[in-house]
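What follows is a single structure, written as C-alpha cells, with notes after it.
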There are 6 protein chains.
Amino acid sequence: MNGEIFSYLYEKLFEIGALDVYTQSIYMKKNRPAVKLSVLCIEKDLNNICTEILKQTTTFGVRYKKLSRMVLERRNIKVKSKFGNIFIKVAYYDGRILKYTPEYEQCKEISKNFNIPIRVVYDEINHEISKYIKTLSKGD
Amino acid sequence: MNGEIFSYLYEKLFEIGALDVYTQSIYMKKNRPAVKLSVLCIEKDLNNICTEILKQTTTFGVRYKKLSRMVLERRNIKVKSKFGNIFIKVAYYDGRILKYTPEYEQCKEISKNFNIPIRVVYDEINHEISKYIKTLSKGD
Amino acid sequence: MNGEIFSYLYEKLFEIGALDVYTQSIYMKKNRPAVKLSVLCIEKDLNNICTEILKQTTTFGVRYKKLSRMVLERRNIKVKSKFGNIFIKVAYYDGRILKYTPEYEQCKEISKNFNIPIRVVYDEINHEISKYIKTLSKGD
Amino acid sequence: MNGEIFSYLYEKLFEIGALDVYTQSIYMKKNRPAVKLSVLCIEKDLNNICTEILKQTTTFGVRYKKLSRMVLERRNIKVKSKFGNIFIKVAYYDGRILKYTPEYEQCKEISKNFNIPIRVVYDEINHEISKYIKTLSKGD
Amino acid sequence: MNGEIFSYLYEKLFEIGALDVYTQSIYMKKNRPAVKLSVLCIEKDLNNICTEILKQTTTFGVRYKKLSRMVLERRNIKVKSKFGNIFIKVAYYDGRILKYTPEYEQCKEISKNFNIPIRVVYDEINHEISKYIKTLSKGD
Amino acid sequence: MNGEIFSYLYEKLFEIGALDVYTQSIYMKKNRPAVKLSVLCIEKDLNNICTEILKQTTTFGVRYKKLSRMVLERRNIKVKSKFGNIFIKVAYYDGRILKYTPEYEQCKEISKNFNIPIRVVYDEINHEISKYIKTLSKGD
C-alpha cells in the first residue's frame with residue numbers, strides 16, 4: 001500500500017473514535033516488507049473502525065481482540081508559566097500526582113513564538129510544574 | 001537462531017495450514033536482537049502449527065490466543081488483459097466491488113516474458129481491471 | 001529523547017533546506033532503544049542543518065558524509081481529472097515518461113471533499129493519468 | 001521516554017516475576033517514534049507488574065490479555081566439557097531431547113577466561129553436547 | 001510502493017551483479033512508513049544497478065557512496081557427511097580456518113528428503129565439519 | 001547468528017576503542033531477518049575493530065567508510081544534589097551551556113538506594129541542574 005495514505009488514515013481513525021493508532025514494520029512471505037496497523041477503541045466503535053480500515057486500505061481482512069487496561073486516573077490542569085498559561089495532563093496514583101506531561105501542540109506554539117528549541121520548552125515547563133506540584137503536595 | 005531457517009519455515013507453515021505468517025524484530029534483555037514469528041491459523045490446525053514451530057526453531061515455547069476477524073467476501077475472477085488472461089482477487093463490500101489485486105506470481109511471469117518492470121505490470125493490469133469493473137457496475 | 005519532538009523537528013528541518021528527512025529505530029548498548037535521524041541536504045545547508053539538530057535534540061554530535069545521487073529528471077504538470085485540475089510529479093528517463101505520482105495533499109483534499117477513500121482517489125487519478133500519458137506518448 | 005531507563009526497567013521487571021520482557025519499535029500519530037514494551041507473567045504477578053510499569057515509565061496506561069502457551073518440558077543438566085562442567089538447558093518432546101542451549105553467562109565467562117570468541121565457545125559446547133546426547137539416546 | 005515487488009526486485013538485482021541486497025524500515029515525514037533498499041555492488045555495475053532500481057521501483061532518485069571492505073579469504077569445499085557430499089563456504093584468517101557455513105539450499109533439500117528439521121540439519125552438518133576441520137588442522 | 005552474542009560483543013568493542021555501537025534490523029534475500037552492526041571509531045582503531053568483528057561474529061566481511069562529525073564541546077562537571085554529588089555531562093555551544101545529561105549508572109544507583117523510580121531520579125536531577133545552570137549563566 002502507498003505509504004502516503006497512513007497520515008490521512010490516522011486522522012480519519014481518530015475522528016471516528018480511535019483511542020490510539022500505531023504502526024509496526026513486519027515482514028511477510030516472499031520478502032514482502034509490510035506495515036501492521038494497530039488501533040485501540042472501545043467496543044461500540046469496533047464495527048465502524050474495522051469498516052473504515054477495510055475501505056481506506058488495501059487489506060482484505062481485519063483482526064481484533066478484547067484487551068483489558070489498567071489506566072491511571074488523569075486530569076487536565078492549567079498551570080501558570082513564564083510562557084503564559086499552559087495545559088498539563090496529570091496522572092494520579094493512590095491520590096497523589098505520579099507524572100504529568102505538557103500538551104505537544106502548545107509546546108510547539110511556544111517554541112515557534114519564543115524561538116526556543118521545543119526540547120528546551122518541554123524542560124522549562126517541566127521544571128515549573130515540578131515546583132507547582134511540590135506546592136500542591138505540601139498544601140493539600 | 002540462524003536467519004536462513006525462516007525462508008523454509010514459512011514454506012512449511014503454509015503447507016500445514018497457516019493462513020498468514022510474518023516476523024517482527026524485537027529486542028530482549030541483555031541487548032539481544034530477536035525475531036518474533038506470528039502465525040494465523042484456524043483452531044483445528046493450532047496444535048500442528050505449534051508443534052512444527054517447536055521442532056523447526058530454537059524456541060522453548062509458543063504463545064497463542066484467539067482472534068476475531070472481519071473479512072471481506074472475496075472471489076477469484078479471470079479478466080482478459082493485453083497480457084492474456086489474468087487472475088484477480090476481488091473483495092466485495094455490501095455486494096459491490098471494493099478492491100482487487102492481481103496475483104503476484106502471474107505479474108512476475110508477465111514482467112519476465114514481456115520485459116516490463118513489475119511495477120508497470122501492476123499499473124497496467126490495474127488500469128484494465130478498472131475499466132472492466134466499471135462495465136460490471138453499470139451492467140449488473 | 002521525547003518522541004513528540006520529531007514532528008516539529010521534521011518541519012523545522014524542511015524549512016531550512018532539508019531535501020529528505022527520515023528516522024530509523026536502532027538499538028544501543030545497555031538495551032537502549034534509540035532513533036537515528038537521517039537528513040539529506042545540499043552542501044551549503046550542511047552547517048545550518050547540523051546546528052539545528054544539535055539545538056533541537058538531545059544529541060551531543062552529528063555525523064555526515066558526502067553522497068552521490070542518480071536522479072530522474074522531473075517536472076510538475078497539470079492534468080484535468082474528473083476531480084478538477086490536479087498536479088502530478090512526472091519523472092523522465094531517456095526523454096520518456098517513466099513514472100508519475102499525484103500530490104498527496106491534493107489527494108487528501110479530494111478524499112475529504114468527495115468522501116471517497118484516499119486509496120481510491122490515488123487509483124482513479126492514476127487511471128486518468130495513464131490515459132493522458134498514452135496520448136502524450138503518441139502525440140509528441 | 002529516555003531510552004536509558006529501559007535497561008534498569010528490564011532488571012526490575014524480572015526481579016518481580018516477569019518471565020519474558022521485550023520491546024518493539026512502533027510509530028504513533030504525528031511522526032512519533034515510540035517503544036512498545038511487552039511483558040509475560042503469570043496471573044498472580046499481573047497487578048504488581050502493571051503498577052511497576054506505570055511507576056517507572058511515562059505511560060498513562062497498560063494493556064493486558066490472557067495468552068495460552070505450549071511449552072516444551074525442560075531440564076537443566078550438567079555436562080562435562082573441555083572447559084569444565086557446564087550447565088545446559090535441555091528441552092524434551094515426547095520424552096526425547098529435542099534441543100538444548102548452553103547458558104549465556106557461562107559461555108561469556110569461558111570466552112573471557114580462555115580468550116576464545118564467544119561464537120566459538122557456543123559451537124564447541126554444542127559439539128560436545130551433541131556427542132553426549134547421542135550416548136544418552138543409545139543408553140536409555 | 002507495493003511490497004510484493006521486492007521479491008522480484010531482489011532476484012533482478014542479483015542477476016545483474018548485486019553482491020548484497022537488503023531492506024530496512026524507515027519513517028518519513030507525514031507518518032509515512034517506507035522501505036530503504038540497500039545494494040552492494042562493484043563500481044562497474046553501479047550504473048546498471050541504479051538504472052534498474054529507478055525502473056523497477058517508484059523512487060525518483062538513488063543515492064550511492066563508495067565503501068571499503070575487509071573480507072575474509074573464502075573457499076567452497078566439499079565435505080562428506082552422513083547426508084552425502086555437501087558444500088561448505090569456509091573463511092580463513094591468517095591461513096587458518098576461522099568459520100564455515102553450509103549452503104542453505106542444500107540444507108533445505110536435506111531437510112525435505114530426510115524429513116528432519118532444517119535447524120537439526122545445520123547442527124548435524126556443523127558437528128561433522130567440526131571434526132573434519134580438526135583433522136585438517138592436525139594434518140597440514 | 002545467535003542473538004546472545006551481541007551483549008558480549010558490545011562490551012568487547014567498547015573495550016578496544018569503539019566510540020559508539022548500535023544494531024539495526026535488516027531484511028535480506030530469502031526472507032532472512034538479520035542484524036546490521038554499526039561501530040564508530042577513530043581511524044587508528046579501525047583495523048582492530050574490524051578484526052574483532054570478523055572473529056566474534058559469523059560475518060564473512062566488514063564494510064567501512066570515513067565520516068565527518070560536528071560535535072558539541074563537552075565537559076563532565078560535579079553538581080551537588082539532594083541525592084549527594086552527581087556527575088553531569090554538559091555540552092556547550094558558542095561558550096554557553098546548551099544541554100546536559102546525568103550519568104546513567106549513577107541514576108540507577110540512586111534509584112536503587114532511595115527506592116525512587118529512575119524516571120523520577122532523572123527528573124529531579126534535571127530540575128536541580130536547571131537551577132544550578134541558571135546561577136552559572138548569571139554568575140559568569
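FYI, nothing fancy with the C-alpha cells labels: chains A, B, ... in order, residues from 1 per chain, ligands from 1 as they appear.
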Go through chain C and flag each residue having an atom no more than 12 Å from chain F; for those, report the closest pair of atoms plus their distance in Å to one decimal, using only C-alpha atoms, ordered by chain and rising number, as a tab-separated table.
```
residue	atom	partner	partner_atom	distance
C:Met1	CA	F:Thr101	CA	11.2
C:Thr23	CA	F:Gln24	CA	11.9
C:Gln24	CA	F:Gln24	CA	8.2
C:Ser25	CA	F:Gln24	CA	6.9
C:Ile26	CA	F:Gln24	CA	5.0
C:Tyr27	CA	F:Thr23	CA	5.2
C:Met28	CA	F:Tyr22	CA	4.5
C:Lys29	CA	F:Tyr10	CA	6.6
C:Lys30	CA	F:Ser7	CA	8.3
C:Asn31	CA	F:Ser7	CA	9.0
C:Arg32	CA	F:Tyr22	CA	9.4
C:Pro33	CA	F:Tyr22	CA	9.5
C:Ala34	CA	F:Tyr22	CA	9.2
C:Val35	CA	F:Gln24	CA	10.3
C:Lys36	CA	F:Gln24	CA	9.9
C:Leu46	CA	F:Met70	CA	10.3
C:Asn47	CA	F:Met70	CA	8.8
C:Asn48	CA	F:Met70	CA	11.3
C:Ile49	CA	F:Met70	CA	10.9
C:Cys50	CA	F:Met70	CA	7.2
C:Thr51	CA	F:Met70	CA	8.5
C:Glu52	CA	F:Tyr93	CA	11.6
C:Ile53	CA	F:Met70	CA	10.5
C:Leu54	CA	F:Leu72	CA	7.8
C:Lys55	CA	F:Leu98	CA	7.2
C:Gln56	CA	F:Leu98	CA	9.9
C:Thr57	CA	F:Lys99	CA	9.2
C:Thr58	CA	F:Lys99	CA	7.1
C:Thr59	CA	F:Lys99	CA	8.9
C:Phe60	CA	F:Leu72	CA	5.7
C:Gly61	CA	F:Val71	CA	4.0
C:Val62	CA	F:Met70	CA	5.2
C:Arg63	CA	F:Arg69	CA	4.3
C:Tyr64	CA	F:Ser68	CA	5.3
C:Lys65	CA	F:Leu67	CA	5.5
C:Lys66	CA	F:Leu67	CA	8.7
C:Leu67	CA	F:Leu67	CA	11.3
```
From the DSSP assignment of the backbone, select every residue of stretch 8-113 of chain C that is strand (DSSP E or B), and format the answer as a ChimeraX atom specification. /C:20-28,32-40,61-64,68-71,73-81,84-93,96-102
Find, counting only C-alpha atoms, the residue in A:Ile133, A:Ile125, A:Cys107, A:Ala18 that gets nearest to C:Glu4.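 Answer, going by the shortest atom-to-atom distance: A:Cys107.
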